[in-house]
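Novice: Pasting entry08.csv here (CSV, C-alpha atoms):
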```
chain,number,residue,atom,x,y,z
C,1,MET,CA,-4.0,2.8,15.4
C,2,ALA,CA,-5.5,5.1,18.0
C,3,ALA,CA,-7.1,2.2,20.0
C,4,VAL,CA,-3.8,0.3,20.3
C,5,THR,CA,-3.3,-0.8,23.9
C,6,LEU,CA,-0.2,-3.0,23.5
C,7,PRO,CA,3.1,-1.3,24.0
C,8,ASP,CA,3.7,-1.3,20.3
C,9,SER,CA,6.2,1.5,20.4
C,10,ALA,CA,9.0,-0.9,21.4
C,11,ALA,CA,12.1,-0.3,19.3
C,12,GLY,CA,14.8,-2.6,18.0
C,13,LEU,CA,14.5,-6.4,17.9
C,14,ARG,CA,11.8,-6.5,20.6
C,15,GLY,CA,9.7,-4.3,18.4
C,16,LEU,CA,10.3,-6.6,15.5
C,17,VAL,CA,9.1,-9.6,17.3
C,18,GLN,CA,6.1,-7.6,18.6
C,19,ASP,CA,5.1,-6.3,15.2
C,20,TRP,CA,5.2,-9.8,13.6
C,21,SER,CA,3.6,-11.7,16.4
C,22,ALA,CA,0.9,-9.3,17.7
C,23,ASP,CA,-1.8,-10.9,15.3
C,24,ARG,CA,-2.5,-7.5,13.9
C,25,GLU,CA,-0.9,-5.6,10.9
C,26,ALA,CA,2.8,-6.2,10.8
C,27,PHE,CA,3.7,-2.9,9.2
C,28,HIS,CA,2.8,0.2,11.1
C,29,VAL,CA,2.7,2.4,8.0
C,30,PRO,CA,-0.1,3.3,5.6
C,31,TRP,CA,-1.1,0.4,3.4
C,32,GLY,CA,-0.1,2.3,0.3
C,33,LYS,CA,3.4,2.8,1.5
C,34,ALA,CA,3.8,-0.9,2.6
C,35,MET,CA,2.6,-2.0,-0.8
C,36,MET,CA,4.9,0.4,-2.6
C,37,TRP,CA,7.8,-1.1,-0.7
C,38,ILE,CA,6.7,-4.6,-1.6
C,39,PHE,CA,6.4,-3.6,-5.3
C,40,LEU,CA,9.9,-2.1,-5.2
C,41,LEU,CA,11.2,-5.4,-3.7
C,42,SER,CA,9.7,-7.3,-6.6
C,43,ASP,CA,11.2,-4.7,-9.0
C,44,THR,CA,14.6,-5.2,-7.3
C,45,PHE,CA,14.4,-8.9,-8.2
C,46,ILE,CA,13.7,-8.0,-11.9
C,47,PHE,CA,16.6,-5.7,-12.2
C,48,GLY,CA,18.8,-8.0,-10.1
C,49,SER,CA,18.0,-10.8,-12.4
C,50,PHE,CA,18.8,-8.6,-15.5
C,51,LEU,CA,22.1,-7.5,-14.0
C,52,THR,CA,23.0,-11.1,-12.9
C,53,GLY,CA,22.2,-12.3,-16.5
C,54,TYR,CA,24.4,-9.5,-17.9
C,55,MET,CA,27.2,-10.6,-15.5
C,56,MET,CA,26.8,-14.2,-16.6
C,57,VAL,CA,27.0,-13.6,-20.4
C,58,ARG,CA,29.8,-11.1,-20.0
C,59,SER,CA,32.0,-13.4,-17.9
C,60,SER,CA,31.3,-16.6,-20.0
C,61,THR,CA,32.0,-15.2,-23.4
C,62,THR,CA,35.4,-15.9,-25.0
C,63,VAL,CA,35.1,-12.9,-27.4
C,64,PRO,CA,36.4,-9.6,-25.9
C,65,TRP,CA,33.8,-7.3,-24.4
C,66,PRO,CA,33.6,-3.8,-26.0
C,67,ASN,CA,35.2,-1.2,-23.7
C,68,PRO,CA,32.3,1.0,-22.4
C,69,SER,CA,34.7,3.8,-21.6
C,70,GLU,CA,35.4,4.1,-25.4
C,71,VAL,CA,32.0,3.1,-26.7
C,72,PHE,CA,30.2,5.8,-24.6
C,73,ALA,CA,32.8,8.5,-25.1
C,74,LEU,CA,31.8,11.9,-26.6
C,75,HIS,CA,33.9,14.3,-28.7
C,76,VAL,CA,34.2,17.7,-27.1
C,77,GLY,CA,36.1,19.8,-29.7
C,78,ALA,CA,39.1,17.6,-30.7
C,79,THR,CA,39.4,15.6,-27.5
C,80,GLN,CA,37.5,12.5,-26.6
C,81,VAL,CA,36.0,12.5,-23.1
C,82,PRO,CA,35.1,9.0,-21.8
C,83,LEU,CA,31.6,8.4,-20.5
C,84,LEU,CA,30.7,12.1,-20.6
C,85,LEU,CA,27.0,11.7,-21.4
C,86,ILE,CA,26.6,8.9,-18.9
C,87,ALA,CA,28.2,11.1,-16.2
C,88,ILE,CA,25.8,14.0,-17.0
C,89,MET,CA,22.8,11.6,-17.0
C,90,THR,CA,24.0,10.4,-13.5
C,91,PHE,CA,24.1,13.9,-12.2
C,92,VAL,CA,20.7,14.7,-13.7
C,93,LEU,CA,19.1,11.7,-12.0
C,94,ILE,CA,20.8,12.4,-8.7
C,95,SER,CA,19.5,16.0,-8.8
C,96,SER,CA,16.0,14.7,-9.5
C,97,SER,CA,16.3,12.5,-6.4
C,98,GLY,CA,17.4,15.6,-4.4
C,99,THR,CA,14.4,17.6,-5.5
C,100,MET,CA,12.1,14.7,-4.9
C,101,ALA,CA,13.4,14.3,-1.3
C,102,MET,CA,12.7,18.0,-0.7
C,103,ALA,CA,9.2,17.7,-2.2
C,104,VAL,CA,8.5,14.9,0.3
C,105,ASN,CA,9.8,17.2,3.1
C,106,PHE,CA,7.6,20.1,2.0
C,107,ALA,CA,4.6,17.7,1.8
C,108,TYR,CA,5.2,16.7,5.4
C,109,ARG,CA,5.1,20.3,6.4
C,110,GLY,CA,1.8,20.6,4.6
C,111,ASP,CA,3.2,23.0,2.0
C,112,ARG,CA,1.4,21.5,-1.1
C,113,ILE,CA,2.4,24.3,-3.6
C,114,ASN,CA,6.2,23.8,-3.0
C,115,ALA,CA,5.8,20.0,-2.9
C,116,ALA,CA,3.9,20.0,-6.2
C,117,THR,CA,6.4,22.4,-7.8
C,118,LEU,CA,9.3,20.3,-6.7
C,119,MET,CA,7.6,17.2,-8.0
C,120,ILE,CA,7.2,18.8,-11.4
C,121,VAL,CA,10.9,19.8,-11.4
C,122,THR,CA,11.7,16.2,-10.5
C,123,ALA,CA,9.6,14.9,-13.4
C,124,CYS,CA,11.3,17.4,-15.8
C,125,PHE,CA,14.7,16.1,-14.7
C,126,GLY,CA,13.4,12.6,-15.5
C,127,GLU,CA,12.3,13.7,-18.9
C,128,ILE,CA,15.8,15.2,-19.6
C,129,PHE,CA,17.3,11.9,-18.5
C,130,VAL,CA,15.1,10.0,-20.9
C,131,GLY,CA,15.9,12.5,-23.7
C,132,MET,CA,19.6,12.0,-23.2
C,133,GLN,CA,19.1,8.2,-23.2
C,134,ALA,CA,17.2,8.4,-26.5
C,135,PHE,CA,20.2,10.4,-27.9
C,136,GLU,CA,22.6,7.7,-26.7
C,137,TRP,CA,20.5,4.9,-28.2
C,138,SER,CA,20.3,6.7,-31.5
C,139,LYS,CA,24.0,7.2,-31.5
C,140,LEU,CA,24.8,3.6,-30.8
C,141,ILE,CA,22.2,2.3,-33.3
C,142,LEU,CA,23.8,4.6,-36.0
C,143,GLU,CA,27.2,3.1,-35.1
C,144,GLY,CA,25.8,-0.3,-35.8
C,145,VAL,CA,25.0,-1.7,-32.4
C,146,ARG,CA,22.2,-4.3,-32.6
C,147,PRO,CA,20.9,-6.7,-30.0
C,148,TRP,CA,22.6,-9.5,-31.9
C,149,SER,CA,25.8,-7.8,-33.0
C,150,ASN,CA,28.1,-4.8,-32.8
C,151,PRO,CA,31.3,-3.7,-34.4
C,152,TRP,CA,33.6,-4.0,-31.4
C,153,GLY,CA,33.3,-7.4,-29.8
C,154,ALA,CA,30.9,-9.7,-28.0
C,155,ALA,CA,27.4,-9.7,-29.4
C,156,GLN,CA,25.9,-9.9,-26.0
C,157,PHE,CA,26.9,-6.3,-25.4
C,158,GLY,CA,24.0,-5.1,-27.5
C,159,SER,CA,21.3,-7.3,-26.1
C,160,THR,CA,22.2,-6.6,-22.4
C,161,PHE,CA,22.6,-2.9,-23.1
C,162,PHE,CA,19.2,-2.4,-24.8
C,163,MET,CA,17.4,-4.7,-22.3
C,164,ILE,CA,18.8,-3.1,-19.1
C,165,THR,CA,18.9,0.6,-20.1
C,166,GLY,CA,15.6,0.2,-22.0
C,167,PHE,CA,13.8,-1.3,-19.0
C,168,HIS,CA,15.3,1.4,-16.8
C,169,GLY,CA,14.3,4.2,-19.2
C,170,LEU,CA,10.8,2.7,-19.2
C,171,HIS,CA,10.7,3.0,-15.4
C,172,VAL,CA,11.9,6.6,-15.6
C,173,THR,CA,9.2,7.5,-18.2
C,174,ALA,CA,6.5,5.8,-16.1
C,175,GLY,CA,7.8,7.6,-13.0
C,176,ALA,CA,7.7,11.0,-14.7
C,177,ILE,CA,4.1,10.4,-15.8
C,178,TYR,CA,3.2,9.2,-12.2
C,179,LEU,CA,4.8,12.4,-10.7
C,180,PHE,CA,3.0,14.7,-13.1
C,181,ILE,CA,-0.4,13.0,-12.2
C,182,ILE,CA,0.2,13.2,-8.5
C,183,SER,CA,1.4,16.8,-8.6
C,184,ALA,CA,-1.6,17.9,-10.6
C,185,ARG,CA,-3.9,16.1,-8.1
C,186,LEU,CA,-2.0,17.8,-5.3
C,187,LEU,CA,-2.5,21.2,-6.8
C,188,ARG,CA,-6.2,20.6,-7.4
C,189,GLY,CA,-6.6,19.8,-3.7
C,190,ARG,CA,-7.6,16.2,-4.1
C,191,TYR,CA,-5.6,15.1,-1.0
C,192,ASP,CA,-7.1,17.8,1.2
C,193,GLY,CA,-10.3,17.7,3.3
C,194,PRO,CA,-12.0,15.1,5.4
C,195,GLN,CA,-13.0,12.9,2.5
C,196,ALA,CA,-9.4,12.4,1.4
C,197,ALA,CA,-8.3,11.8,5.0
C,198,ALA,CA,-11.0,9.1,5.5
C,199,SER,CA,-10.0,7.2,2.4
C,200,GLY,CA,-6.4,7.0,3.5
C,201,GLY,CA,-5.1,9.8,1.3
C,202,GLY,CA,-4.7,12.5,3.9
C,203,ASN,CA,-1.5,14.2,5.1
C,204,TYR,CA,0.0,14.1,1.6
C,205,GLN,CA,1.3,10.6,2.3
C,206,ILE,CA,1.0,9.9,-1.5
C,207,VAL,CA,4.0,12.3,-2.1
C,208,GLU,CA,6.2,10.1,0.0
C,209,ILE,CA,4.9,7.0,-1.8
C,210,ALA,CA,5.6,8.5,-5.2
C,211,GLY,CA,9.0,9.6,-3.8
C,212,LEU,CA,9.8,6.0,-2.9
C,213,TYR,CA,9.3,4.9,-6.5
C,214,TRP,CA,11.4,7.8,-7.8
C,215,HIS,CA,14.3,7.2,-5.5
C,216,PHE,CA,14.2,3.5,-6.5
C,217,VAL,CA,14.6,4.5,-10.1
C,218,ASP,CA,17.7,6.5,-9.1
C,219,LEU,CA,18.9,3.6,-7.0
C,220,VAL,CA,18.8,1.2,-9.9
C,221,TRP,CA,20.8,3.7,-12.0
C,222,VAL,CA,23.5,3.6,-9.4
C,223,PHE,CA,23.9,-0.1,-10.0
C,224,ILE,CA,23.6,0.1,-13.8
C,225,PHE,CA,26.2,3.0,-13.8
C,226,ALA,CA,28.7,1.0,-11.7
C,227,LEU,CA,28.2,-2.5,-13.2
C,228,PHE,CA,27.5,-1.8,-16.8
C,229,TYR,CA,29.3,1.5,-17.7
C,230,LEU,CA,32.2,1.5,-15.3
C,231,TRP,CA,33.1,-2.2,-15.0
T,1,MET,CA,6.9,6.6,14.1
T,2,ASP,CA,5.7,8.3,10.9
T,3,ASP,CA,6.2,11.7,12.4
T,4,ALA,CA,10.0,11.3,12.3
T,5,PRO,CA,10.6,12.5,8.7
T,6,ARG,CA,8.5,15.6,9.4
T,7,GLN,CA,11.2,17.0,11.6
T,8,HIS,CA,14.1,16.7,9.3
T,9,PRO,CA,15.5,20.0,8.1
T,10,ILE,CA,16.0,20.6,4.4
T,11,ALA,CA,19.7,21.0,5.1
T,12,LEU,CA,19.9,17.2,5.7
T,13,TYR,CA,18.7,16.4,2.2
T,14,LEU,CA,21.0,19.1,0.7
T,15,LYS,CA,24.0,17.5,2.5
T,16,ILE,CA,23.1,14.0,1.2
T,17,TRP,CA,22.5,15.4,-2.3
T,18,GLY,CA,26.0,17.0,-2.2
T,19,LEU,CA,27.5,13.8,-0.9
T,20,LEU,CA,25.9,11.8,-3.7
T,21,PHE,CA,27.4,14.3,-6.2
T,22,VAL,CA,30.9,13.9,-4.7
T,23,LEU,CA,30.6,10.1,-4.7
T,24,SER,CA,29.4,10.1,-8.3
T,25,THR,CA,32.3,12.3,-9.3
T,26,MET,CA,34.7,10.0,-7.6
T,27,SER,CA,33.3,6.9,-9.3
T,28,TYR,CA,33.5,8.8,-12.6
T,29,GLY,CA,37.1,9.6,-11.7
T,30,VAL,CA,37.9,5.9,-11.4
T,31,ASP,CA,37.1,5.6,-15.1
T,32,TYR,CA,38.6,9.0,-16.1
T,33,PHE,CA,42.0,8.2,-14.6
T,34,HIS,CA,42.0,4.7,-16.0
T,35,LEU,CA,42.5,2.9,-12.7
T,36,GLN,CA,42.8,-0.9,-13.3
T,37,GLY,CA,42.6,-4.2,-11.5
T,38,LEU,CA,41.6,-4.7,-8.0
T,39,LEU,CA,41.7,-1.0,-7.1
T,40,ARG,CA,39.3,-0.3,-10.0
T,41,TRP,CA,36.5,-2.7,-9.1
T,42,GLY,CA,37.1,-2.3,-5.4
T,43,LEU,CA,36.4,1.5,-5.6
T,44,ILE,CA,33.5,1.1,-8.1
T,45,VAL,CA,31.7,-1.3,-5.7
T,46,LEU,CA,32.6,0.8,-2.6
T,47,PHE,CA,31.1,4.0,-4.2
T,48,MET,CA,28.1,2.1,-5.6
T,49,LEU,CA,27.2,0.6,-2.1
T,50,LEU,CA,27.8,4.0,-0.4
T,51,LYS,CA,25.5,5.8,-2.8
T,52,ALA,CA,22.8,3.0,-2.6
T,53,GLY,CA,23.0,3.1,1.2
T,54,LEU,CA,22.6,6.9,1.3
T,55,ILE,CA,19.6,6.8,-1.1
T,56,VAL,CA,17.8,4.0,0.7
T,57,ALA,CA,18.6,5.1,4.3
T,58,VAL,CA,17.9,8.9,4.0
T,59,PHE,CA,16.0,9.7,0.8
T,60,MET,CA,13.7,6.6,1.2
T,61,HIS,CA,13.6,7.1,5.0
T,62,MET,CA,14.5,3.5,5.6
T,63,ALA,CA,16.7,4.6,8.6
T,64,TRP,CA,13.5,5.8,10.4
T,65,GLU,CA,11.3,2.8,9.7
T,66,ARG,CA,10.6,0.0,12.2
T,67,LEU,CA,12.7,-3.2,12.0
T,68,ALA,CA,9.6,-5.2,10.9
T,69,LEU,CA,9.6,-3.3,7.5
T,70,ILE,CA,13.4,-3.0,7.2
T,71,TYR,CA,13.9,-6.8,7.5
T,72,ALA,CA,10.9,-7.6,5.3
T,73,ILE,CA,12.5,-5.5,2.5
T,74,LEU,CA,16.2,-6.0,2.9
T,75,LEU,CA,16.5,-9.7,3.9
T,76,PRO,CA,14.9,-11.1,0.7
T,77,ILE,CA,17.6,-9.3,-1.3
T,78,LEU,CA,20.1,-11.8,0.2
T,79,GLY,CA,18.5,-14.3,-2.2
T,80,LEU,CA,19.8,-12.3,-5.1
T,81,LEU,CA,23.4,-12.7,-3.7
T,82,VAL,CA,22.9,-16.4,-3.7
T,83,LEU,CA,21.8,-16.2,-7.4
T,84,VAL,CA,24.9,-14.1,-8.2
T,85,GLY,CA,27.1,-16.7,-6.4
T,86,MET,CA,25.6,-19.6,-8.3
T,87,MET,CA,25.8,-17.8,-11.7
T,88,VAL,CA,29.4,-16.9,-11.1
T,89,ALA,CA,30.2,-20.6,-10.8
T,90,GLU,CA,28.0,-21.4,-13.8
T,91,ALA,CA,29.6,-18.6,-15.9
T,92,ASP,CA,33.1,-19.9,-15.1
T,93,TYR,CA,32.1,-23.4,-16.1
T,94,THR,CA,30.6,-22.2,-19.4
T,95,HIS,CA,33.7,-20.1,-20.1
T,96,LEU,CA,35.9,-23.1,-19.5
T,97,MET,CA,33.9,-25.3,-21.8
T,98,ARG,CA,34.0,-22.7,-24.6
T,99,VAL,CA,37.7,-22.3,-24.3
T,100,LEU,CA,38.2,-26.1,-24.3
T,101,PHE,CA,35.8,-27.1,-27.1
T,102,PHE,CA,34.6,-24.2,-29.2
T,103,ARG,CA,37.6,-22.0,-29.9
```
In structure tokens, write the structure found in this file.
Specialist:
Amino acid sequence: MAAVTLPDSAAGLRGLVQDWSADREAFHVPWGKAMMWIFLLSDTFIFGSFLTGYMMVRSSTTVPWPNPSEVFALHVGATQVPLLLIAIMTFVLISSSGTMAMAVNFAYRGDRINAATLMIVTACFGEIFVGMQAFEWSKLILEGVRPWSNPWGAAQFGSTFFMITGFHGLHVTAGAIYLFIISARLLRGRYDGPQAAASGGGNYQIVEIAGLYWHFVDLVWVFIFALFYLW
Amino acid sequence: MDDAPRQHPIALYLKIWGLLFVLSTMSYGVDYFHLQGLLRWGLIVLFMLLKAGLIVAVFMHMAWERLALIYAILLPILGLLVLVGMMVAEADYTHLMRVLFFR
């Protein structure tokens, strides 16, 4: 990067053409970050296909679809509040995204203690989310929801619910483990020193890469919340 | 180019965080107040896209990346929209066949 002589700092469309036609690397970011973006793009297609499949079975069935607003309601005292648990889960996941964004910011300032602490907080929010999801699954299974049938209507409700939220929960779990590992390494000083910098790990870039994954998990939940629970 | 996120104040992230909270509350409100029909799904999709845009642009720093990366990531997603469009047509057809022959 230091030996670059071409005016590769051009912005906008001119920069786009230059980046793709200069016969050098197209993405001027560390390779780990570029690969994380490409992985996330492939993951977008997986979740996109799941949600499209869900849309397809929901709009092609002639049996009424169970009303998510009632299915996911919780009793608070005597009143029934619609989607309460899902709303809390949404706020927990958004909060985890907020702490993750601040962890990335601290990492850029070179403050590894705060960055690692905020990453651990983020991972804990993620664990809380998965815990609430486990509660929700148990509740629905007790009420008789199965991937092949449920008491309220179209059988496809169960299969799409378990597949989509299950796959998302798996992503959250994996992300929490990933964050715990990266924060532990950060605290042990693995990303400091000339060795780490030479192997591409310097400057705490890894925190931003882990952050990309975490924000993506939150992003997917935005779509699941809107398309599965609210629709 | 990579130096850009370094200069953002924490306040920016706190503001976006607050904005995401407000948008989530509003989309929950759509369900809570039992809005129906075009208004319901219009608002759901609007809030969903606003939230997704904020997360991708600010939290994931997409707004400060070069166009080469932005286009490489965002353009392929248009393919998903094509899939959705085809599947809407297919689902309508399947539904019609079920109504006509299997009810």
Novice: Quick one: residues within 12 Å of Leu74 of chain T, only C-alpha atoms counted, chain neighbours fewer than 4 positions away excluded, as JSON, numbers by chain?
Specialist: {"C": [37, 38, 40, 41, 42, 44, 45], "T": [53, 56, 57, 62, 67, 68, 69, 70, 78, 79, 80, 81]}
Novice: Between T:Phe47, T:Phe102, T:Tyr28, T:Trp64, which one has atoms that come closest to His8 of chain T, using only C-alpha atoms?
Specialist: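 For His8 of chain T, the nearest of the given residues is T:Trp64.
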Novice: Between C:Thr160, C:Asn105, C:Ser60, C:Ser96, which residue has the minimum interatomic distance to Gln205 of chain C, considering only C-alpha atoms?
Specialist: C:Asn105
Novice: Please find the residues of chain C near chain T - the criterion being any atom within 7 Å, counting all atoms listed in the file - and write them as a ChimeraX atom specification.
Specialist: /C:12-13,16,19-20,26-27,41,48,52,56,59-62,82,87,91,98,101-102,105,108-109,212,215,219,222-223,226,230-231
Novice: Would you mind reading off the distance between atom CA of Trp65 of chain C and atom CA of Phe157 of chain C, one decimal, in Å?
Specialist: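 Rounded to one decimal, the two atoms are 7.0 Å apart.
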Novice: Could segment 34-54 of chain T be completed with N, CA and C atoms and written as a JSON list (two decimals), in the coordinates of the input, please?
Specialist:
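Result file is part.json:
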```json
[["chain", "number", "residue", "atom", "x", "y", "z"],
["T", 34, "HIS", "N", 41.64, 6.00, -15.49],
["T", 34, "HIS", "CA", 42.00, 4.70, -16.00],
["T", 34, "HIS", "C", 42.64, 3.80, -14.88],
["T", 35, "LEU", "N", 42.04, 3.81, -13.68],
["T", 35, "LEU", "CA", 42.50, 2.90, -12.70],
["T", 35, "LEU", "C", 42.16, 1.47, -13.12],
["T", 36, "GLN", "N", 43.02, 0.51, -12.79],
["T", 36, "GLN", "CA", 42.80, -0.90, -13.30],
["T", 36, "GLN", "C", 42.88, -1.86, -12.15],
["T", 37, "GLY", "N", 42.42, -3.05, -12.45],
["T", 37, "GLY", "CA", 42.60, -4.20, -11.50],
["T", 37, "GLY", "C", 41.74, -4.11, -10.29],
["T", 38, "LEU", "N", 42.30, -4.63, -9.22],
["T", 38, "LEU", "CA", 41.60, -4.70, -8.00],
["T", 38, "LEU", "C", 41.15, -3.38, -7.45],
["T", 39, "LEU", "N", 42.02, -2.38, -7.59],
["T", 39, "LEU", "CA", 41.70, -1.00, -7.10],
["T", 39, "LEU", "C", 40.47, -0.50, -7.83],
["T", 40, "ARG", "N", 40.39, -0.75, -9.16],
["T", 40, "ARG", "CA", 39.30, -0.30, -10.00],
["T", 40, "ARG", "C", 37.96, -0.82, -9.47],
["T", 41, "TRP", "N", 37.85, -2.15, -9.44],
["T", 41, "TRP", "CA", 36.50, -2.70, -9.10],
["T", 41, "TRP", "C", 36.23, -2.54, -7.62],
["T", 42, "GLY", "N", 37.28, -2.51, -6.78],
["T", 42, "GLY", "CA", 37.10, -2.30, -5.40],
["T", 42, "GLY", "C", 36.41, -0.89, -5.14],
["T", 43, "LEU", "N", 36.98, 0.13, -5.79],
["T", 43, "LEU", "CA", 36.40, 1.50, -5.60],
["T", 43, "LEU", "C", 35.05, 1.60, -6.23],
["T", 44, "ILE", "N", 34.84, 0.98, -7.42],
["T", 44, "ILE", "CA", 33.50, 1.10, -8.10],
["T", 44, "ILE", "C", 32.45, 0.49, -7.12],
["T", 45, "VAL", "N", 32.74, -0.71, -6.57],
["T", 45, "VAL", "CA", 31.70, -1.30, -5.70],
["T", 45, "VAL", "C", 31.55, -0.54, -4.41],
["T", 46, "LEU", "N", 32.66, 0.00, -3.87],
["T", 46, "LEU", "CA", 32.60, 0.80, -2.60],
["T", 46, "LEU", "C", 31.66, 2.01, -2.86],
["T", 47, "PHE", "N", 31.94, 2.79, -3.92],
["T", 47, "PHE", "CA", 31.10, 4.00, -4.20],
["T", 47, "PHE", "C", 29.70, 3.63, -4.48],
["T", 48, "MET", "N", 29.49, 2.52, -5.22],
["T", 48, "MET", "CA", 28.10, 2.10, -5.60],
["T", 48, "MET", "C", 27.35, 1.78, -4.28],
["T", 49, "LEU", "N", 27.97, 1.01, -3.36],
["T", 49, "LEU", "CA", 27.20, 0.60, -2.10],
["T", 49, "LEU", "C", 27.00, 1.84, -1.24],
["T", 50, "LEU", "N", 27.98, 2.77, -1.18],
["T", 50, "LEU", "CA", 27.80, 4.00, -0.40],
["T", 50, "LEU", "C", 26.61, 4.79, -0.89],
["T", 51, "LYS", "N", 26.58, 4.97, -2.23],
["T", 51, "LYS", "CA", 25.50, 5.80, -2.80],
["T", 51, "LYS", "C", 24.14, 5.07, -2.58],
["T", 52, "ALA", "N", 24.10, 3.75, -2.82],
["T", 52, "ALA", "CA", 22.80, 3.00, -2.60],
["T", 52, "ALA", "C", 22.40, 3.12, -1.17],
["T", 53, "GLY", "N", 23.36, 3.00, -0.25],
["T", 53, "GLY", "CA", 23.00, 3.10, 1.20],
["T", 53, "GLY", "C", 22.44, 4.44, 1.53],
["T", 54, "LEU", "N", 23.06, 5.50, 1.03],
["T", 54, "LEU", "CA", 22.60, 6.90, 1.30],
["T", 54, "LEU", "C", 21.15, 7.06, 0.80]]
```
